[in-house]
file target_7.cif (mmCIF, C-alpha atoms)
data_run
#
loop_
_atom_site.label_atom_id
_atom_site.label_comp_id
_atom_site.auth_asym_id
_atom_site.auth_seq_id
_atom_site.Cartn_x
_atom_site.Cartn_y
_atom_site.Cartn_z
CA MET E 825 90.78 115.14 76.17
CA PRO E 826 89.70 112.60 73.62
CA THR E 827 88.74 114.19 70.37
CA GLY E 828 85.83 111.95 69.75
CA LEU E 829 84.65 108.92 67.98
CA ARG E 830 87.09 107.91 65.29
CA SER E 831 88.33 111.42 64.82
CA ALA E 832 91.71 110.63 66.28
CA ILE E 833 94.34 108.14 65.32
CA MET E 834 92.99 104.95 66.71
CA LEU E 835 93.78 101.41 67.39
CA VAL E 836 90.42 99.91 66.82
CA VAL E 837 89.53 96.57 68.22
CA LEU E 838 86.72 95.45 66.02
CA ALA E 839 84.24 92.64 66.03
CA GLY E 840 85.88 89.29 66.30
CA ALA E 841 88.97 90.69 67.93
CA GLY E 842 89.44 91.11 71.64
CA GLY E 843 86.07 89.62 72.37
CA ALA E 844 84.19 92.48 70.76
CA ARG E 845 80.62 91.71 69.85
CA VAL E 846 78.76 92.71 66.76
CA CYS E 847 75.12 91.97 66.28
CA ALA E 848 73.16 93.27 63.35
CA GLN E 849 69.43 93.55 63.06
CA SER E 850 67.59 94.93 60.13
CA ALA E 851 64.17 96.44 59.83
CA SER E 852 63.92 95.88 56.10
CA ASP E 853 67.15 95.47 54.20
CA PRO E 854 69.83 93.03 55.40
CA ASP E 855 72.04 93.85 52.43
CA ALA E 856 72.09 97.56 53.28
CA VAL E 857 72.82 96.77 56.92
CA ALA E 858 75.70 94.45 56.01
CA LYS E 859 77.24 97.07 53.72
CA VAL E 860 76.95 99.82 56.29
CA LEU E 861 78.43 97.68 59.07
CA ALA E 862 81.35 96.89 56.76
CA LEU E 863 81.80 100.62 56.18
CA GLU E 864 81.77 101.18 59.94
CA ARG E 865 84.71 98.76 60.25
CA LEU E 866 86.45 100.45 57.33
CA TRP E 867 85.95 103.78 59.08
CA GLY E 868 87.77 102.49 62.16
CA GLN E 869 90.61 101.11 60.09
CA ALA E 870 90.91 104.27 57.97
CA SER E 871 91.05 106.39 61.11
CA ALA E 872 93.75 104.17 62.61
CA LEU E 873 95.82 104.59 59.47
CA ARG E 874 94.90 108.28 59.08
CA ASP E 875 93.69 107.39 55.60
CA ILE E 876 92.04 110.69 54.74
CA LYS E 877 91.16 109.57 51.22
CA ALA E 878 89.16 106.63 52.58
CA LEU E 879 87.48 108.81 55.19
CA ASP E 880 86.65 111.36 52.51
CA PHE E 881 84.83 108.57 50.66
CA ILE E 882 82.99 107.41 53.79
CA PHE E 883 81.75 110.84 54.92
CA ASP E 884 79.16 112.88 53.06
CA ASP E 885 80.32 116.42 52.27
CA ASP E 886 77.59 117.69 54.61
CA LEU E 887 78.58 115.41 57.50
CA VAL E 888 77.40 116.45 60.96
CA ASN E 889 79.78 115.04 63.59
CA LEU E 890 79.07 115.57 67.27
CA ASP E 891 81.88 114.16 69.38
CA ILE E 892 81.86 112.84 72.94
CA ASP E 893 82.76 116.32 74.29
CA GLY E 894 79.79 117.94 72.58
CA ARG E 895 81.89 119.50 69.83
CA LEU E 896 80.03 119.89 66.55
CA MET E 897 82.26 119.37 63.54
CA THR E 898 81.93 119.54 59.78
CA LYS E 899 83.55 116.98 57.47
CA ALA E 900 86.60 119.22 56.95
CA GLN E 901 87.02 119.70 60.70
CA THR E 902 86.63 115.97 61.34
CA LEU E 903 89.29 115.12 58.75
CA ALA E 904 91.63 117.80 60.12
CA ASP E 905 91.06 116.47 63.64
CA THR E 906 91.95 112.96 62.50
CA LEU E 907 95.30 114.21 61.21
CA THR E 908 96.24 116.21 64.30
CA ALA E 909 94.79 114.29 67.25
CA GLY E 910 96.78 112.11 69.62
CA ALA E 911 96.58 108.34 69.80
CA VAL E 912 93.36 106.88 71.12
CA GLN E 913 92.49 103.23 71.50
CA ILE E 914 88.87 102.55 70.70
CA VAL E 915 87.15 99.31 71.55
CA VAL E 916 83.78 98.93 69.87
CA GLU E 917 81.84 96.71 72.25
CA SER E 918 78.60 96.30 70.33
CA THR E 919 76.97 97.50 67.16
CA SER E 920 73.48 97.13 65.76
CA ALA E 921 71.80 98.61 62.71
CA GLN E 922 68.33 99.33 61.41
CA ALA E 923 67.40 100.09 57.82
CA HIS E 924 64.72 102.63 56.91
CA GLY E 925 64.69 102.57 53.11
CA LYS E 926 67.73 104.52 51.94
CA THR E 927 68.71 105.37 55.50
CA VAL E 928 70.51 103.08 57.96
CA ILE E 929 70.92 103.90 61.64
CA VAL E 930 73.86 102.28 63.44
CA THR E 931 74.12 102.39 67.19
CA GLY E 932 76.75 100.97 69.49
CA VAL E 933 78.88 101.25 72.58
CA LEU E 934 82.58 102.03 72.66
CA ARG E 935 85.42 102.63 75.08
CA LEU E 936 88.07 105.27 74.48
CA LYS E 937 91.48 104.90 76.05
CA GLY E 938 94.22 107.42 75.56
CA VAL E 939 96.53 109.99 77.06
CA ASP E 940 95.82 113.70 77.17
CA ALA E 941 98.32 116.23 78.48
CA GLY E 942 100.26 113.37 80.02
CA LYS E 943 97.26 111.99 81.87
CA PRO E 944 95.66 108.67 80.91
CA TYR E 945 91.90 108.60 80.50
CA LEU E 946 89.24 105.99 79.88
CA ARG E 947 85.82 106.95 78.58
CA HIS E 948 82.70 105.04 77.76
CA GLY E 949 80.29 106.26 75.11
CA ARG E 950 77.26 105.37 73.03
CA PHE E 951 77.23 106.36 69.38
CA VAL E 952 74.57 106.74 66.71
CA ASP E 953 75.60 107.02 63.06
CA THR E 954 73.22 107.85 60.21
CA TRP E 955 74.06 106.50 56.77
CA MET E 956 72.38 107.35 53.49
CA TYR E 957 72.48 105.81 50.05
CA ARG E 958 73.54 108.72 47.85
CA ARG E 959 75.05 108.83 44.39
CA SER E 960 75.29 105.06 44.19
CA HIS E 961 77.00 104.43 47.49
CA TRP E 962 76.47 104.56 51.24
CA VAL E 963 77.84 107.62 53.05
CA CYS E 964 77.74 108.69 56.67
CA VAL E 965 75.76 111.92 57.02
CA ALA E 966 75.69 112.19 60.81
CA SER E 967 77.62 110.77 63.75
CA GLU E 968 77.15 111.46 67.42
CA THR E 969 78.66 110.06 70.63
CA THR E 970 77.29 110.54 74.13
CA PRO E 971 79.33 109.75 77.25
CA ILE E 972 77.68 107.03 79.33
CA GLY E 973 76.76 107.78 82.91
CA THR E 974 77.91 111.38 83.23
CA ARG E 975 74.65 113.11 84.07
CA MET T 1274 72.80 126.34 -0.71
CA VAL T 1275 70.61 123.49 0.48
CA ALA T 1276 73.49 122.28 2.65
CA ASP T 1277 73.78 125.77 4.22
CA ILE T 1278 70.09 125.81 5.05
CA TRP T 1279 70.35 122.36 6.66
CA LEU T 1280 73.39 123.50 8.63
CA MET T 1281 71.53 126.60 9.86
CA LYS T 1282 68.54 124.46 10.83
CA ALA T 1283 70.80 122.06 12.69
CA HIS T 1284 72.44 124.93 14.61
CA ALA T 1285 69.04 126.42 15.42
CA LEU T 1286 67.78 123.05 16.63
CA LYS T 1287 70.91 122.55 18.76
CA PHE T 1288 70.47 126.04 20.27
CA ALA T 1289 66.79 125.41 20.97
CA CYS T 1290 67.64 122.10 22.68
CA LEU T 1291 70.32 123.81 24.75
CA VAL T 1292 67.85 126.51 25.87
CA ILE T 1293 65.22 123.90 26.77
CA VAL T 1294 67.70 121.71 28.68
CA SER T 1295 69.12 124.73 30.55
CA GLY T 1296 65.60 125.90 31.38
CA LEU T 1297 64.65 122.47 32.68
CA ALA T 1298 67.84 122.25 34.76
CA VAL T 1299 67.18 125.67 36.33
CA ALA T 1300 63.55 124.76 36.97
CA ALA T 1301 64.58 121.45 38.55
CA ALA T 1302 67.17 123.16 40.75
CA ARG T 1303 64.61 125.76 41.87
CA ALA T 1304 62.05 123.06 42.55
CA GLN T 1305 64.63 121.20 44.67
CA ASP T 1306 65.48 124.41 46.56
CA VAL T 1307 61.80 125.06 47.22
CA ASP T 1308 61.30 121.43 48.19
CA GLU T 1309 64.30 121.42 50.57
CA SER T 1310 63.16 124.68 52.08
CA GLY T 1311 59.72 123.17 52.62
CA VAL T 1312 61.21 120.08 54.26
CA ARG T 1313 63.39 122.24 56.54
CA SER T 1314 60.33 124.20 57.68
CA ARG T 1315 58.41 120.98 58.21
CA ILE T 1316 61.17 119.42 60.34
CA LEU T 1317 61.59 122.61 62.41
CA ALA T 1318 57.83 122.60 63.04
CA LEU T 1319 57.96 118.94 64.08
CA GLU T 1320 60.84 119.61 66.46
CA HIS T 1321 58.87 122.44 68.09
CA ALA T 1322 55.81 120.19 68.25
CA TRP T 1323 57.98 117.60 70.02
CA ASN T 1324 59.07 120.15 72.67
CA GLN T 1325 55.48 121.22 73.25
CA ALA T 1326 54.15 117.67 73.39
CA GLU T 1327 56.87 116.68 75.87
CA GLY T 1328 56.14 119.73 78.00
CA PHE T 1329 52.42 118.93 78.08
CA LYS T 1330 53.06 115.18 78.34
CA ASP T 1331 50.90 114.72 75.24
CA MET T 1332 51.64 111.05 74.63
CA LYS T 1333 49.40 110.78 71.58
CA ALA T 1334 51.27 113.59 69.82
CA LEU T 1335 54.65 112.11 70.78
CA ASP T 1336 53.57 108.67 69.57
CA ALA T 1337 52.81 110.14 66.14
CA LEU T 1338 56.20 111.87 65.91
CA PHE T 1339 58.34 108.78 66.48
CA ASP T 1340 58.90 105.67 64.42
CA ASN T 1341 58.11 102.45 66.28
CA ALA T 1342 61.78 101.47 65.91
CA LEU T 1343 62.99 104.77 67.43
CA ILE T 1344 66.51 104.78 68.85
CA TYR T 1345 66.76 107.33 71.62
CA VAL T 1346 70.03 108.06 73.42
CA ASP T 1347 69.58 110.27 76.45
CA ILE T 1348 72.13 112.86 77.59
CA ASP T 1349 73.56 110.33 80.09
CA GLY T 1350 74.06 107.75 77.35
CA THR T 1351 71.05 105.61 78.23
CA LEU T 1352 69.63 103.80 75.23
CA MET T 1353 65.85 103.74 75.03
CA THR T 1354 63.20 102.29 72.75
CA LYS T 1355 60.13 104.33 71.80
CA ALA T 1356 58.07 102.67 74.56
CA GLU T 1357 60.77 103.34 77.15
CA PHE T 1358 61.14 106.97 76.08
CA LEU T 1359 57.39 107.59 76.18
CA SER T 1360 57.18 105.92 79.58
CA ARG T 1361 60.00 108.12 80.88
CA VAL T 1362 58.31 111.29 79.58
CA LYS T 1363 55.08 110.25 81.27
CA SER T 1364 56.68 109.64 84.66
CA ALA T 1365 59.40 112.33 84.63
CA PRO T 1366 59.10 115.47 86.77
CA VAL T 1367 58.13 118.67 85.02
CA GLN T 1368 60.95 119.79 82.80
CA GLN T 1369 61.46 123.01 80.88
CA VAL T 1370 63.36 122.67 77.64
CA VAL T 1371 64.50 125.71 75.67
CA THR T 1372 65.98 125.15 72.24
CA GLU T 1373 68.70 127.76 71.71
CA SER T 1374 69.49 127.06 68.08
CA MET T 1375 68.55 124.56 65.44
CA THR T 1376 69.53 123.81 61.86
CA VAL T 1377 68.18 121.19 59.48
CA GLN T 1378 70.07 119.51 56.65
CA VAL T 1379 68.02 117.69 54.04
CA PHE T 1380 69.33 114.55 52.36
CA GLY T 1381 66.47 113.62 50.04
CA PRO T 1382 64.25 111.21 52.00
CA ALA T 1383 66.07 111.94 55.28
CA ALA T 1384 66.81 115.07 57.30
CA ILE T 1385 69.18 115.77 60.18
CA ALA T 1386 68.19 118.34 62.79
CA THR T 1387 71.02 119.66 64.96
CA GLY T 1388 70.86 122.17 67.76
CA THR T 1389 71.61 123.16 71.31
CA TYR T 1390 69.23 123.30 74.24
CA VAL T 1391 69.04 124.05 77.93
CA SER T 1392 66.83 121.92 80.13
CA LYS T 1393 65.74 122.74 83.64
CA GLU T 1394 64.37 120.04 85.88
CA PHE T 1395 63.53 119.97 89.52
CA LYS T 1396 65.13 117.30 91.70
CA ASP T 1397 64.53 117.24 95.46
CA GLY T 1398 63.24 120.80 95.30
CA LYS T 1399 66.31 122.07 93.50
CA ALA T 1400 66.50 123.25 89.90
CA VAL T 1401 69.10 121.37 87.87
CA LEU T 1402 70.27 122.80 84.55
CA HIS T 1403 71.66 120.75 81.67
CA ARG T 1404 73.09 122.16 78.47
CA GLY T 1405 73.28 119.82 75.55
CA ARG T 1406 73.59 119.41 71.85
CA PHE T 1407 71.25 117.13 69.91
CA VAL T 1408 71.17 115.35 66.58
CA ASP T 1409 67.83 113.98 65.40
CA THR T 1410 67.31 111.88 62.28
CA TRP T 1411 64.01 112.13 60.42
CA VAL T 1412 62.93 110.00 57.47
CA ILE T 1413 59.88 110.17 55.29
CA LYS T 1414 57.61 107.13 55.54
CA ASP T 1415 54.20 106.92 53.89
CA LYS T 1416 54.47 110.63 53.01
CA THR T 1417 54.99 111.52 56.66
CA TRP T 1418 58.20 112.72 58.31
CA ILE T 1419 58.98 110.61 61.34
CA CYS T 1420 61.86 110.63 63.82
CA VAL T 1421 63.88 107.39 63.75
CA ALA T 1422 66.84 108.37 65.93
CA ALA T 1423 67.52 111.06 68.52
CA GLN T 1424 70.58 111.62 70.66
CA ALA T 1425 71.76 114.28 73.06
CA THR T 1426 75.29 114.95 74.24
CA PRO T 1427 76.26 117.27 77.09
CA VAL T 1428 78.21 120.35 76.10
CA LEU T 1429 81.29 120.24 78.28
CA HIS T 1430 83.11 123.30 76.96
#
call {"tool": "encode", "arguments": {"input": "target_7.cif", "output": "structure tokens"}}
result
Amino acid sequence: MPTGLRSAIMLVVLAGAGGARVCAQSASDPDAVAKVLALERLWGQASALRDIKALDFIFDDDLVNLDIDGRLMTKAQTLADTLTAGAVQIVVESTSAQAHGKTVIVTGVLRLKGVDAGKPYLRHGRFVDTWMYRRSHWVCVASETTPIGTR
Amino acid sequence: MVADIWLMKAHALKFACLVIVSGLAVAAARAQDVDESGVRSRILALEHAWNQAEGFKDMKALDALFDNALIYVDIDGTLMTKAEFLSRVKSAPVQQVVTESMTVQVFGPAAIATGTYVSKEFKDGKAVLHRGRFVDTWVIKDKTWICVAAQATPVLH
């Protein structure tokens, strides 16, 4: 099974590549939104390269990560998962963000493509990430992905 | 002799400053603990109020809990605005929601509530159970805590 949003080694097809679409909208702070969306891209790249140091910088120590299977993970578990998980291709189809003071909410749609126990799978999910401006930089404090159309 | 007295005074002053600074640091840390504890209680109360308001279809109470720019992701991945979510609550069949566990993490002007729940709804005369995990983001605006994002994910394992 996929191990969740960006918690595996990934080949991320980001905005501008493969026809992916990124649209940003801000409630109050375009600068904050731009920075956070850049960090979202960095997150994808760091995961693809299993760059734990970069991910450590992106995630708050108290990160709450709920993956597409409903697994709740801490920062340490998320980083460990990134190191051990199998290859997953993630295509981020759309992303939008809203600023609420020192908090930015990013939401988007992604597709996960990979192989688990020898069987290929394709999953479609919607994610919501919460970013906060803490100690002079933006960090992700919560991330959650919900499978689309599985009710 | 005069130099010794000055040295003693300087040491005493340094010690006094150290005591004051330590005292202030402890007081600040305690105040933060008390404040965080208060915020946690407040968010838990708001989450319970949400459940009750949804159960009673109290649209006025729900309207006050959510930011106008609310992002709501339902357990099937449907993205909804505040208006769409309120409309769905209003028209949905009676649903029982039981929160099994909940924790709140405070990040200054924001708080993340995480928990698990079981919902029971009736479709075509049959009871359908869903078990899910949720993550809700609350921020303080105009001295009021308000929910800006809420998402549920089915627990598959």
call {"tool": "residues_around", "arguments": {"input": "target_7.cif", "residues": "Tyr1345 (chain T)", "least_positions_apart": "4", "cutoff": "6 Å", "atoms": "all atoms listed in the file", "output": "PyMOL selection string"}}
result
chain T and resi 1352-1353+1422-1424
call {"tool": "residues_near_point", "arguments": {"input": "target_7.cif", "point": "(71.0, 115.8, 66.0)", "cutoff": "7 Å", "atoms": "all atoms listed in the file", "output": "PDB file with C-alpha atoms, in the frame of the given file"}}
result
ATOM      1  CA  ILE T1385      69.180 115.770  60.180  1.00  0.00           C
ATOM      2  CA  ALA T1386      68.190 118.340  62.790  1.00  0.00           C
ATOM      3  CA  THR T1387      71.020 119.660  64.960  1.00  0.00           C
ATOM      4  CA  GLY T1388      70.860 122.170  67.760  1.00  0.00           C
ATOM      5  CA  PHE T1407      71.250 117.130  69.910  1.00  0.00           C
ATOM      6  CA  VAL T1408      71.170 115.350  66.580  1.00  0.00           C
ATOM      7  CA  ASP T1409      67.830 113.980  65.400  1.00  0.00           C
ATOM      8  CA  THR T1410      67.310 111.880  62.280  1.00  0.00           C
ATOM      9  CA  ALA T1423      67.520 111.060  68.520  1.00  0.00           C
ATOM     10  CA  GLN T1424      70.580 111.620  70.660  1.00  0.00           C
TER      11      GLN T1424
END
call {"tool": "atom_distance", "arguments": {"input": "target_7.cif", "atom1": "CA of Asp884 (chain E)", "atom2": "CA of Cys964 (chain E)"}}
result
5.7 Å
call {"tool": "resolve_selection", "arguments": {"input": "target_7.cif", "expression": "the PyMOL selection byres ((chain E) within 7 of (chain T))", "output": "list in words"}}
result
Asp893, Gly894, Gly949, Arg950, Thr969, Thr970, Pro971, Ile972, Gly973, Thr974 and Arg975 of chain E
call {"tool": "closest_atom_pairs", "arguments": {"input": "target_7.cif", "of": "region 848-935 of chain E", "to": "region 952-956 of chain E", "cutoff": "10 Å", "atoms": "only C-alpha atoms", "output": "tab-separated table"}}
result
residue	atom	partner	partner_atom	distance
E:Ala856	CA	E:Met956	CA	9.8
E:Val857	CA	E:Trp955	CA	9.8
E:Val860	CA	E:Trp955	CA	7.3
E:Leu863	CA	E:Trp955	CA	9.7
E:Glu864	CA	E:Asp953	CA	9.1
E:Ile882	CA	E:Trp955	CA	9.5
E:Phe883	CA	E:Trp955	CA	9.0
E:Asp884	CA	E:Met956	CA	8.8
E:Leu887	CA	E:Thr954	CA	9.7
E:Val888	CA	E:Thr954	CA	9.6
E:Asn889	CA	E:Asp953	CA	9.1
E:Leu890	CA	E:Val952	CA	9.9
E:Thr919	CA	E:Val952	CA	9.6
E:Ser920	CA	E:Val952	CA	9.7
E:Ala921	CA	E:Asp953	CA	9.2
E:Gln922	CA	E:Thr954	CA	9.9
E:Ala923	CA	E:Trp955	CA	9.3
E:His924	CA	E:Met956	CA	9.6
E:Gly925	CA	E:Met956	CA	9.1
E:Lys926	CA	E:Met956	CA	5.7
E:Thr927	CA	E:Met956	CA	4.6
E:Val928	CA	E:Trp955	CA	5.1
E:Ile929	CA	E:Thr954	CA	4.8
E:Val930	CA	E:Asp953	CA	5.1
E:Thr931	CA	E:Val952	CA	4.4
E:Gly932	CA	E:Val952	CA	6.8
E:Val933	CA	E:Val952	CA	9.1
call {"tool": "atom_distance", "arguments": {"input": "target_7.cif", "atom1": "CA of Asp880 (chain E)", "atom2": "CA of Leu861 (chain E)"}}
result
17.3 Å
call {"tool": "atom_distance", "arguments": {"input": "target_7.cif", "atom1": "CA of Asp886 (chain E)", "atom2": "CA of Ala966 (chain E)"}}
result
8.5 Å
call {"tool": "resolve_selection", "arguments": {"input": "target_7.cif", "expression": "the PyMOL selection byres ((chain E and resi 941) around 12)", "output": "list in words"}}
result
Met825, Pro826, Ala909, Gly910, Ala911, Gly938, Val939, Asp940, Gly942, Lys943, Pro944 and Tyr945 of chain E
call {"tool": "residues_near_point", "arguments": {"input": "target_7.cif", "point": "(56.0, 114.6, 58.1)", "cutoff": "9 Å", "atoms": "only C-alpha atoms", "output": "JSON, numbers by chain"}}
result
{"T": [1312, 1315, 1316, 1319, 1338, 1411, 1412, 1413, 1414, 1415, 1416, 1417, 1418, 1419]}
call {"tool": "resolve_selection", "arguments": {"input": "target_7.cif", "expression": "the PyMOL selection byres ((chain E and resi 907) around 9)", "output": "list in words"}}
result
Ser831, Ala832, Ile833, Ser871, Arg874, Asp875, Ile876, Thr902, Leu903, Ala904, Asp905, Thr906, Thr908, Ala909 and Gly910 of chain E
call {"tool": "axis_aligned_box", "arguments": {"input": "target_7.cif", "around": "region 1405-1418 of chain T", "padding_each_side": "4 Å", "output": "AutoDock Vina command-line options"}}
result
--center_x 63.9 --center_y 113.4 --center_z 64.3 --size_x 27.4 --size_y 20.9 --size_z 30.5
call {"tool": "residues_around", "arguments": {"input": "target_7.cif", "residues": "region 1359-1372 of chain T", "least_positions_apart": "4", "cutoff": "7 Å", "atoms": "only C-alpha atoms", "output": "VMD selection string"}}
result
chain T and resid 1327 to 1328 1330 1332 1355 1389 to 1395
